[in-house]
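Dumped work01.tsv below, it's TSV, C-alpha atoms:
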```tsv
chain	number	residue	atom	x	y	z
I	1	MET	CA	75.36	83.59	131.55
I	2	ALA	CA	77.62	84.99	134.24
I	3	GLN	CA	75.89	87.10	136.85
I	4	ALA	CA	77.54	89.94	138.70
I	5	LYS	CA	77.49	89.83	142.50
I	6	GLY	CA	76.74	93.10	144.19
I	7	ALA	CA	77.19	96.44	142.55
I	8	TYR	CA	79.32	96.45	139.41
I	9	PRO	CA	82.22	96.92	139.38
I	10	GLU	CA	83.62	95.41	142.55
I	11	ARG	CA	87.21	95.07	141.35
I	12	PRO	CA	89.59	96.36	138.65
I	13	ILE	CA	88.63	96.02	134.99
I	14	ARG	CA	91.11	94.66	132.44
I	15	LEU	CA	91.04	96.48	129.09
I	16	VAL	CA	92.99	94.52	126.48
I	17	VAL	CA	94.45	96.68	123.70
I	18	PRO	CA	95.65	94.70	120.64
I	19	TYR	CA	98.24	97.33	119.70
I	20	PRO	CA	101.68	98.30	121.04
I	21	ALA	CA	101.95	100.95	123.72
I	22	GLY	CA	102.40	104.50	122.46
I	23	GLY	CA	100.41	104.25	119.23
I	24	GLY	CA	97.26	106.14	118.31
I	25	ALA	CA	94.82	103.45	119.46
I	26	ASP	CA	96.75	102.89	122.70
I	27	ASN	CA	96.76	106.62	123.47
I	28	LEU	CA	92.99	106.81	122.96
I	29	ALA	CA	92.47	103.70	125.08
I	30	ARG	CA	94.47	105.15	127.97
I	31	LEU	CA	92.70	108.50	127.71
I	32	VAL	CA	89.26	106.93	127.80
I	33	GLY	CA	90.36	104.36	130.40
I	34	THR	CA	91.20	107.16	132.82
I	35	LYS	CA	87.69	108.58	132.41
I	36	LEU	CA	86.09	105.16	132.85
I	37	GLU	CA	88.03	104.74	136.11
I	38	ALA	CA	86.63	108.00	137.43
I	39	ASP	CA	83.08	107.12	136.43
I	40	LEU	CA	83.09	103.48	137.54
I	41	GLY	CA	85.14	103.98	140.70
I	42	LYS	CA	87.56	101.12	140.02
I	43	PRO	CA	90.91	100.92	138.19
I	44	VAL	CA	90.88	100.21	134.47
I	45	ILE	CA	94.10	98.34	133.75
I	46	ILE	CA	95.39	98.63	130.18
I	47	GLU	CA	97.00	95.43	128.90
I	48	ASN	CA	98.76	95.75	125.54
I	49	LYS	CA	98.65	92.51	123.62
I	50	PRO	CA	99.68	93.09	119.98
I	51	GLY	CA	100.05	90.30	117.46
I	52	ALA	CA	98.36	88.45	114.59
I	53	ASN	CA	96.70	91.62	113.26
I	54	THR	CA	94.82	92.10	116.56
I	55	MET	CA	93.53	88.51	116.60
I	56	LEU	CA	95.76	87.40	119.50
I	57	ALA	CA	94.11	89.84	121.90
I	58	SER	CA	90.66	89.20	120.43
I	59	ALA	CA	90.97	85.45	120.94
I	60	ASP	CA	92.09	86.03	124.53
I	61	VAL	CA	89.06	88.18	125.34
I	62	ALA	CA	86.68	85.83	123.49
I	63	ARG	CA	87.72	83.11	125.97
I	64	ALA	CA	87.40	85.34	129.05
I	65	GLU	CA	84.66	85.08	131.65
I	66	PRO	CA	81.74	87.27	130.50
I	67	ASP	CA	81.49	89.17	133.77
I	68	GLY	CA	82.38	92.72	132.71
I	69	TYR	CA	85.93	92.54	134.03
I	70	THR	CA	87.66	91.80	130.72
I	71	LEU	CA	87.03	94.15	127.81
I	72	LEU	CA	88.55	94.42	124.33
I	73	TYR	CA	89.56	97.65	122.62
I	74	VAL	CA	88.74	97.25	118.94
I	75	ALA	CA	89.45	99.18	115.75
I	76	SER	CA	88.48	98.69	112.12
I	77	ALA	CA	90.73	95.63	111.75
I	78	PHE	CA	88.22	93.86	113.98
I	79	ALA	CA	85.67	94.07	111.14
I	80	ILE	CA	88.18	93.28	108.37
I	81	ASN	CA	89.73	90.14	109.90
I	82	PRO	CA	86.73	87.86	109.24
I	83	SER	CA	87.13	88.27	105.47
I	84	LEU	CA	90.90	88.62	105.19
I	85	ASN	CA	92.26	86.34	107.89
I	86	ASN	CA	91.06	83.25	109.71
I	87	PRO	CA	90.17	84.19	113.30
I	88	GLN	CA	89.87	81.41	115.87
I	89	TYR	CA	86.56	82.94	116.94
I	90	ASP	CA	83.34	84.11	115.28
I	91	THR	CA	83.62	87.90	115.41
I	92	GLU	CA	79.86	88.47	115.38
I	93	LYS	CA	79.03	85.72	117.89
I	94	ALA	CA	81.94	85.83	120.32
I	95	PHE	CA	81.56	89.46	121.41
I	96	THR	CA	78.89	91.86	122.56
I	97	PRO	CA	79.23	95.54	121.58
I	98	ILE	CA	79.59	98.25	124.21
I	99	GLY	CA	80.08	101.45	122.20
I	100	MET	CA	82.28	103.62	120.04
I	101	VAL	CA	85.33	105.38	121.40
I	102	ALA	CA	85.96	107.54	118.33
I	103	GLU	CA	85.50	107.84	114.61
I	104	VAL	CA	88.91	107.92	112.92
I	105	PRO	CA	88.59	109.66	109.55
I	106	LEU	CA	90.49	108.37	106.53
I	107	LEU	CA	91.93	110.84	104.03
I	108	ILE	CA	93.26	110.95	100.50
I	109	ILE	CA	96.36	113.15	100.50
I	110	ARG	CA	98.92	114.11	97.84
I	111	ASN	CA	102.44	115.42	97.76
I	112	GLU	CA	103.54	118.69	96.17
I	113	ARG	CA	104.73	117.04	92.97
I	114	VAL	CA	101.31	116.11	91.60
I	115	GLU	CA	98.74	118.52	90.27
I	116	TYR	CA	95.39	116.93	91.02
I	117	ASN	CA	93.60	118.67	93.85
I	118	THR	CA	90.19	117.02	93.76
I	119	VAL	CA	88.71	113.55	93.57
I	120	GLU	CA	87.54	114.32	90.04
I	121	GLU	CA	91.07	115.26	88.96
I	122	LEU	CA	92.56	112.18	90.63
I	123	VAL	CA	90.04	109.93	88.92
I	124	ALA	CA	90.64	111.63	85.56
I	125	ALA	CA	94.40	111.12	85.92
I	126	ALA	CA	93.89	107.47	86.86
I	127	ARG	CA	91.57	106.97	83.90
I	128	ALA	CA	94.07	108.56	81.51
I	129	LYS	CA	96.89	106.26	82.66
I	130	PRO	CA	95.43	103.02	84.06
I	131	GLY	CA	97.63	101.49	86.75
I	132	ASN	CA	100.17	104.31	86.70
I	133	ILE	CA	99.04	106.27	89.75
I	134	ALA	CA	100.58	104.69	92.83
I	135	TYR	CA	98.84	105.15	96.14
I	136	ALA	CA	100.26	104.24	99.53
I	137	SER	CA	98.42	102.73	102.46
I	138	TYR	CA	99.61	101.73	105.90
I	139	GLY	CA	99.17	98.03	105.17
I	140	GLN	CA	97.73	95.32	102.97
I	141	GLY	CA	94.09	94.85	103.93
I	142	SER	CA	94.06	97.99	106.10
I	143	PRO	CA	91.01	100.28	106.08
I	144	ALA	CA	93.03	102.73	103.98
I	145	HIS	CA	93.82	100.03	101.39
I	146	LEU	CA	90.20	98.90	101.25
I	147	GLY	CA	89.12	102.53	100.94
I	148	GLY	CA	91.39	102.80	97.90
I	149	GLU	CA	89.85	99.66	96.44
I	150	MET	CA	86.40	101.14	97.03
I	151	LEU	CA	87.31	104.28	95.12
I	152	GLU	CA	88.71	102.25	92.22
I	153	ARG	CA	85.48	100.29	92.13
I	154	VAL	CA	83.00	103.18	92.24
I	155	ALA	CA	85.05	105.34	89.86
I	156	GLN	CA	85.85	102.39	87.59
I	157	VAL	CA	89.55	103.15	87.44
I	158	GLU	CA	92.73	101.20	88.07
I	159	MET	CA	95.46	102.45	90.36
I	160	MET	CA	98.54	100.78	91.83
I	161	HIS	CA	98.37	99.96	95.54
I	162	VAL	CA	101.67	100.16	97.42
I	163	PRO	CA	101.31	98.76	100.96
I	164	TYR	CA	103.66	99.79	103.77
I	165	LYS	CA	104.19	98.42	107.24
I	166	GLY	CA	102.67	101.39	109.03
I	167	SER	CA	101.89	105.03	108.40
I	168	ALA	CA	105.38	106.43	108.97
I	169	PRO	CA	107.09	104.73	106.01
I	170	ALA	CA	104.06	105.33	103.77
I	171	LEU	CA	104.06	109.04	104.47
I	172	THR	CA	107.85	109.24	104.17
I	173	ASP	CA	107.62	107.86	100.65
I	174	LEU	CA	104.74	110.20	99.86
I	175	LEU	CA	106.89	113.16	100.89
I	176	GLY	CA	109.78	111.78	98.84
I	177	GLY	CA	107.65	111.51	95.72
I	178	HIS	CA	107.90	107.71	95.48
I	179	VAL	CA	104.09	107.50	95.46
I	180	ASN	CA	101.61	110.01	94.10
I	181	VAL	CA	98.99	109.89	96.82
I	182	ALA	CA	98.31	108.16	100.12
I	183	PHE	CA	95.18	106.84	101.70
I	184	SER	CA	95.81	107.52	105.36
I	185	SER	CA	94.20	107.73	108.75
I	186	ILE	CA	94.01	111.30	109.98
I	187	GLU	CA	96.28	111.25	113.04
I	188	PRO	CA	99.68	110.93	111.31
I	189	ALA	CA	98.60	113.04	108.32
I	190	LEU	CA	97.27	116.06	110.22
I	191	PRO	CA	100.65	117.55	111.24
I	192	LEU	CA	101.93	117.21	107.66
I	193	ILE	CA	98.81	118.93	106.35
I	194	ALA	CA	99.19	121.72	108.91
I	195	SER	CA	102.79	122.30	107.80
I	196	LYS	CA	101.70	122.16	104.13
I	197	LYS	CA	104.08	119.30	103.38
I	198	VAL	CA	101.15	117.31	101.99
I	199	HIS	CA	97.77	118.43	100.74
I	200	PRO	CA	94.38	116.83	101.39
I	201	ILE	CA	92.29	115.83	98.38
I	202	ALA	CA	89.27	114.44	100.22
I	203	VAL	CA	88.01	112.80	103.39
I	204	MET	CA	86.41	109.38	103.15
I	205	THR	CA	83.86	109.81	105.92
I	206	ALA	CA	80.20	110.28	105.02
I	207	HIS	CA	80.40	113.87	106.28
I	208	ARG	CA	82.95	116.69	106.38
I	209	ILE	CA	85.03	116.68	109.53
I	210	ALA	CA	85.72	119.37	112.09
I	211	ALA	CA	89.50	119.08	111.77
I	212	LEU	CA	89.40	119.84	108.02
I	213	PRO	CA	86.06	121.57	107.40
I	214	ASP	CA	87.00	122.89	103.96
I	215	VAL	CA	88.07	119.51	102.60
I	216	PRO	CA	85.27	117.80	100.64
I	217	THR	CA	84.18	114.21	101.04
I	218	VAL	CA	84.48	111.53	98.38
I	219	ALA	CA	80.72	111.12	98.85
I	220	GLU	CA	80.18	114.59	97.37
I	221	VAL	CA	81.37	113.10	94.08
I	222	TYR	CA	80.23	109.49	94.59
I	223	PRO	CA	77.12	109.55	96.80
I	224	GLY	CA	77.03	106.86	99.45
I	225	PHE	CA	80.81	106.40	99.53
I	226	GLU	CA	82.11	105.86	103.06
I	227	ALA	CA	85.31	104.27	104.28
I	228	THR	CA	85.81	105.20	107.91
I	229	GLY	CA	88.05	104.00	110.67
I	230	TRP	CA	86.81	103.69	114.23
I	231	ASN	CA	87.76	102.57	117.72
I	232	GLY	CA	85.37	101.01	120.21
I	233	LEU	CA	84.83	98.61	123.08
I	234	VAL	CA	83.39	95.10	123.15
I	235	ALA	CA	83.03	92.41	125.80
I	236	PRO	CA	82.73	88.63	125.62
I	237	THR	CA	79.28	87.42	124.61
I	238	GLY	CA	77.19	86.58	127.65
I	239	THR	CA	78.17	89.71	129.59
I	240	PRO	CA	75.01	90.72	131.50
I	241	ASP	CA	72.95	93.43	129.80
I	242	GLU	CA	72.98	95.65	132.88
I	243	ILE	CA	76.79	95.64	132.88
I	244	VAL	CA	76.94	96.39	129.16
I	245	GLN	CA	74.55	99.31	129.67
I	246	ARG	CA	76.59	100.62	132.60
I	247	LEU	CA	79.79	100.47	130.55
I	248	ASN	CA	78.08	102.13	127.59
I	249	GLU	CA	76.87	104.96	129.81
I	250	ALA	CA	80.36	105.47	131.27
I	251	LEU	CA	81.96	105.35	127.81
I	252	ASN	CA	79.53	107.86	126.30
I	253	ASN	CA	80.09	110.17	129.26
I	254	ALA	CA	83.85	109.83	128.86
I	255	VAL	CA	84.05	110.76	125.17
I	256	GLN	CA	81.92	113.86	125.73
I	257	THR	CA	84.05	115.42	128.47
I	258	ALA	CA	85.77	118.68	127.53
I	259	ASP	CA	89.35	117.44	127.92
I	260	VAL	CA	88.70	114.28	125.90
I	261	ARG	CA	87.12	116.34	123.12
I	262	THR	CA	90.13	118.67	123.18
I	263	ALA	CA	92.51	115.71	122.91
I	264	TYR	CA	90.42	114.24	120.11
I	265	ALA	CA	90.47	117.53	118.20
I	266	LYS	CA	94.29	117.59	118.28
I	267	GLN	CA	94.35	114.15	116.65
I	268	GLY	CA	91.51	114.85	114.22
I	269	VAL	CA	89.32	112.05	115.57
I	270	GLU	CA	85.71	112.64	116.56
I	271	ALA	CA	83.48	111.53	119.42
I	272	MET	CA	80.53	109.48	118.18
I	273	PRO	CA	78.52	108.30	121.21
I	274	MET	CA	76.44	105.24	120.34
I	275	SER	CA	74.24	102.70	122.05
I	276	PRO	CA	75.47	99.08	122.10
I	277	ALA	CA	72.94	98.25	119.37
I	278	GLU	CA	74.10	101.13	117.17
I	279	PHE	CA	77.75	100.17	117.54
I	280	GLY	CA	76.90	96.52	116.90
I	281	LYS	CA	75.16	97.49	113.66
I	282	LEU	CA	78.17	99.55	112.57
I	283	VAL	CA	80.48	96.58	113.13
I	284	SER	CA	78.15	94.15	111.32
I	285	ASP	CA	77.70	96.54	108.41
I	286	ASP	CA	81.47	96.99	108.09
I	287	ILE	CA	82.07	93.23	108.20
I	288	ALA	CA	79.69	92.83	105.26
I	289	LYS	CA	81.09	95.83	103.36
I	290	TRP	CA	84.72	94.79	103.72
I	291	ARG	CA	83.94	91.16	102.90
I	292	ASP	CA	82.42	92.33	99.62
I	293	ILE	CA	85.43	94.52	98.77
I	294	VAL	CA	87.98	91.84	99.71
I	295	SER	CA	86.16	89.18	97.70
I	296	LYS	CA	85.62	91.22	94.54
I	297	ALA	CA	89.13	92.72	94.56
I	298	GLY	CA	90.76	89.35	95.33
I	299	ILE	CA	92.73	90.80	98.23
I	300	LYS	CA	94.92	88.37	100.18
I	301	ALA	CA	96.50	88.78	103.59
I	302	GLU	CA	100.21	89.54	103.67
```
What's the structure tokens form of this structure?
Amino acid sequence: MAQAKGAYPERPIRLVVPYPAGGGADNLARLVGTKLEADLGKPVIIENKPGANTMLASADVARAEPDGYTLLYVASAFAINPSLNNPQYDTEKAFTPIGMVAEVPLLIIRNERVEYNTVEELVAAARAKPGNIAYASYGQGSPAHLGGEMLERVAQVEMMHVPYKGSAPALTDLLGGHVNVAFSSIEPALPLIASKKVHPIAVMTAHRIAALPDVPTVAEVYPGFEATGWNGLVAPTGTPDEIVQRLNEALNNAVQTADVRTAYAKQGVEAMPMSPAEFGKLVSDDIAKWRDIVSKAGIKAE
């Protein structure tokens, strides 16, 4: 196990983000990185390394020295890859959890052309015409797609999944009436909801969310249902416990500052401070949940 010399940190920290610059995850990473810099007293250098559905960056960090100076920004794909793809690393053994950056709610939204306003009405329509209701997601094997598969499973209905390469084309086709509904992360959907161009049917978190307090959860109809996106931080396994705890403390402080909460509110994401153990359990639970969905639905990577 690597041991830190002197007071941590003594030099800049590299935060590897497996997404292109300018996207939702990158914006959150840079926002939180600025706060970590202030707390830790050393620069946090963001390195964007997209590719291979986040596995390129993950493999890079898995090989890094476990000294607290190389961290990985992770999102829900981190927990889906073990069942859908073939990572060159063991997700649960190669990394140690630090904490959650934000919960990223997933929504079911509809366009103006369809009449179902509730989960019950959507399910009834799907049951009346099996396979006829088309729902968009921002990618094959994405959290939104797997959330749709979960709903089909618990409601015992069949819908038609239409995957897109990202949220923008999915929501464009929703607006154009090419698909009935979309399963979407909240950030790109919120402005369309605010302008009443699309309408929310339900949120897929376990609880109602501050950004849309009047929108019910799927769990209010199907208790226990939860399909939630998240962002967080991990480090290579072997990173000293005292460094992990220091990073967790700085991260939890960062996400609770007033300006970060304000920025989160604009995007619809929520601060969910967690201990390393709590975040680790969330990741492990999601790995098991998504593996079950992928296996039973026969989902294959694109």
Kindly provide the residues of stretch 11-57 of chain I that approach stretch 245-264 of chain I to within 9 Å, each paired with its closest atom pair and their distance in Å to one decimal, based on all atoms listed in the file, listed by chain and increasing number, as JSON lines.
```
{"residue": "I:Leu28", "atom": "CA", "partner": "I:Tyr264", "partner_atom": "CA", "distance": 8.4}
{"residue": "I:Leu31", "atom": "CA", "partner": "I:Val260", "partner_atom": "CA", "distance": 7.3}
{"residue": "I:Val32", "atom": "CA", "partner": "I:Ala254", "partner_atom": "CA", "distance": 6.2}
{"residue": "I:Gly33", "atom": "CA", "partner": "I:Ala254", "partner_atom": "CA", "distance": 8.6}
{"residue": "I:Thr34", "atom": "CA", "partner": "I:Ala254", "partner_atom": "CA", "distance": 8.8}
{"residue": "I:Lys35", "atom": "CA", "partner": "I:Ala254", "partner_atom": "CA", "distance": 5.4}
{"residue": "I:Leu36", "atom": "CA", "partner": "I:Ala250", "partner_atom": "CA", "distance": 6.0}
{"residue": "I:Asp39", "atom": "CA", "partner": "I:Ala250", "partner_atom": "CA", "distance": 6.1}
{"residue": "I:Leu40", "atom": "CA", "partner": "I:Ala250", "partner_atom": "CA", "distance": 7.1}
```
Tell me which protein, DNA and RNA residues are within 12 Å of stretch 88-91 of chain I, counting all atoms listed in the file, leaving out same-chain ones fewer than 6 positions away, and put them as a list in words. Ala52, Thr54, Met55, Leu56, Ala57, Ser58, Ala59, Asp60, Val61, Ala62, Arg63, Val74, Ala77, Phe78, Ala79, Ile80, Asn81, Pro82, Pro97, Val234, Ala235, Pro236, Thr237, Gly280, Val283, Ser284, Asp286, Ile287 and Ala288 of chain I
What's the separation between atom CA of I:Leu190 and atom CA of I:Met150, in Å to one decimal place?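 Atom CA of I:Leu190 sits 22.7 Å away from atom CA of I:Met150.
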What's the separation between atom CA of I:Thr172 and atom CA of I:Glu121, in Å to one decimal place?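 So the two atoms, atom CA of I:Thr172 and atom CA of I:Glu121, lie 23.4 Å apart.
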Could you please determine the separation between atom CA of I:Ala124 and atom CA of I:Ala219 in Å, to one decimal place? 16.6 Å
I:Glu112, I:Glu47, I:Glu220, I:Glu65 ranked by distance to I:His178, top pick (using all atoms listed in the file):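 Under the stated criterion, the closest residue is I:Glu112.
For the set I:Leu71, I:Leu171, I:Ala227, I:Met204, the residue with the smallest atom-to-atom gap to I:Ser142 is I:Ala227, counting all atoms listed in the file.
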Please return as a ChimeraX atom specification every residue within 12 Å of (93.6, 94.9, 101.8), taking into account only C-alpha atoms and the file's own coordinates. /I:77,80-81,83-85,136-150,161-164,290-302
Sort by chain and increasing residue number a table of all residues of stretch 149-237 of chain I within 10 Å of stretch 126-132 of chain I, each with its closest pair of atoms and their distance in Å to one decimal, counting only C-alpha atoms, and write it as CSV.
```
residue,atom,partner,partner_atom,distance
I:Glu152,CA,I:Ala126,CA,9.1
I:Ala155,CA,I:Arg127,CA,9.0
I:Gln156,CA,I:Arg127,CA,8.2
I:Val157,CA,I:Arg127,CA,5.6
I:Glu158,CA,I:Gly131,CA,5.1
I:Met159,CA,I:Gly131,CA,4.3
I:Met160,CA,I:Gly131,CA,5.2
I:His161,CA,I:Gly131,CA,9.0
I:Asn180,CA,I:Asn132,CA,9.5
```
Write the residues of the preceding selection, restricted to C-alpha atoms, as a tab-separated table (two decimals), keeping the file's coordinate frame.
```tsv
chain	number	residue	atom	x	y	z
I	152	GLU	CA	88.71	102.25	92.22
I	155	ALA	CA	85.05	105.34	89.86
I	156	GLN	CA	85.85	102.39	87.59
I	157	VAL	CA	89.55	103.15	87.44
I	158	GLU	CA	92.73	101.20	88.07
I	159	MET	CA	95.46	102.45	90.36
I	160	MET	CA	98.54	100.78	91.83
I	161	HIS	CA	98.37	99.96	95.54
I	180	ASN	CA	101.61	110.01	94.10
```
When you look at I:Val181 with a cut-off of 9 Å (counting only C-alpha atoms), what residues show up, excluding the ones that are within fewer than 6 positions of it in the same chain? I need them as an mmCIF file with C-alpha atoms, in the coordinates of the input.
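Result file is part23.cif:
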```
data_model
loop_
_atom_site.group_PDB
_atom_site.id
_atom_site.type_symbol
_atom_site.label_atom_id
_atom_site.label_comp_id
_atom_site.auth_asym_id
_atom_site.auth_seq_id
_atom_site.Cartn_x
_atom_site.Cartn_y
_atom_site.Cartn_z
ATOM 1 C CA ILE I 108 93.260 110.950 100.500
ATOM 2 C CA ILE I 109 96.360 113.150 100.500
ATOM 3 C CA ARG I 110 98.920 114.110 97.840
ATOM 4 C CA ASN I 111 102.440 115.420 97.760
ATOM 5 C CA VAL I 114 101.310 116.110 91.600
ATOM 6 C CA ILE I 133 99.040 106.270 89.750
ATOM 7 C CA ALA I 134 100.580 104.690 92.830
ATOM 8 C CA TYR I 135 98.840 105.150 96.140
ATOM 9 C CA ALA I 136 100.260 104.240 99.530
ATOM 10 C CA LEU I 174 104.740 110.200 99.860
#
```
Nearest residue to I:Gly99 from the set I:Glu10, I:Asp241, I:Glu278, I:Asp285 (distances using only C-alpha atoms):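 Closest to I:Gly99 of all the choices is I:Glu278.
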Using the file's own x, y and z axes, what box holds all listed atoms of stretch 52-63 of chain I with 5 Å on each side, keeping edges along x, y and z, and what are its centre and edge lengths in Å to one decimal, as AutoDock Vina command-line options?
```
--center_x 92.5 --center_y 87.6 --center_z 119.6 --size_x 21.7 --size_y 19.0 --size_z 22.7
```
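Minimum distance to I:Gly68 across I:Glu242, I:Ala194, I:Val221, I:Arg113 (counting only C-alpha atoms) occurs at I:Glu242.
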For I:Val104, the closest of I:Ala206, I:Leu15, I:Val244, I:Ala277 counting only C-alpha atoms is I:Ala206
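Ranking I:Pro105, I:Ser167, I:Leu122, I:Gly238 by their shortest atom-to-atom distance to I:Ile186, with all atoms listed in the file included, puts I:Pro105 first.
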Give me, as a PyMOL selection string, all polymer residues having an atom no more than 10 Å from I:Val269, counting all atoms listed in the file and skipping those fewer than 2 positions away in the same chain. chain I and resi 28+101-106+185-187+209-211+229-231+261+263-267+271-272
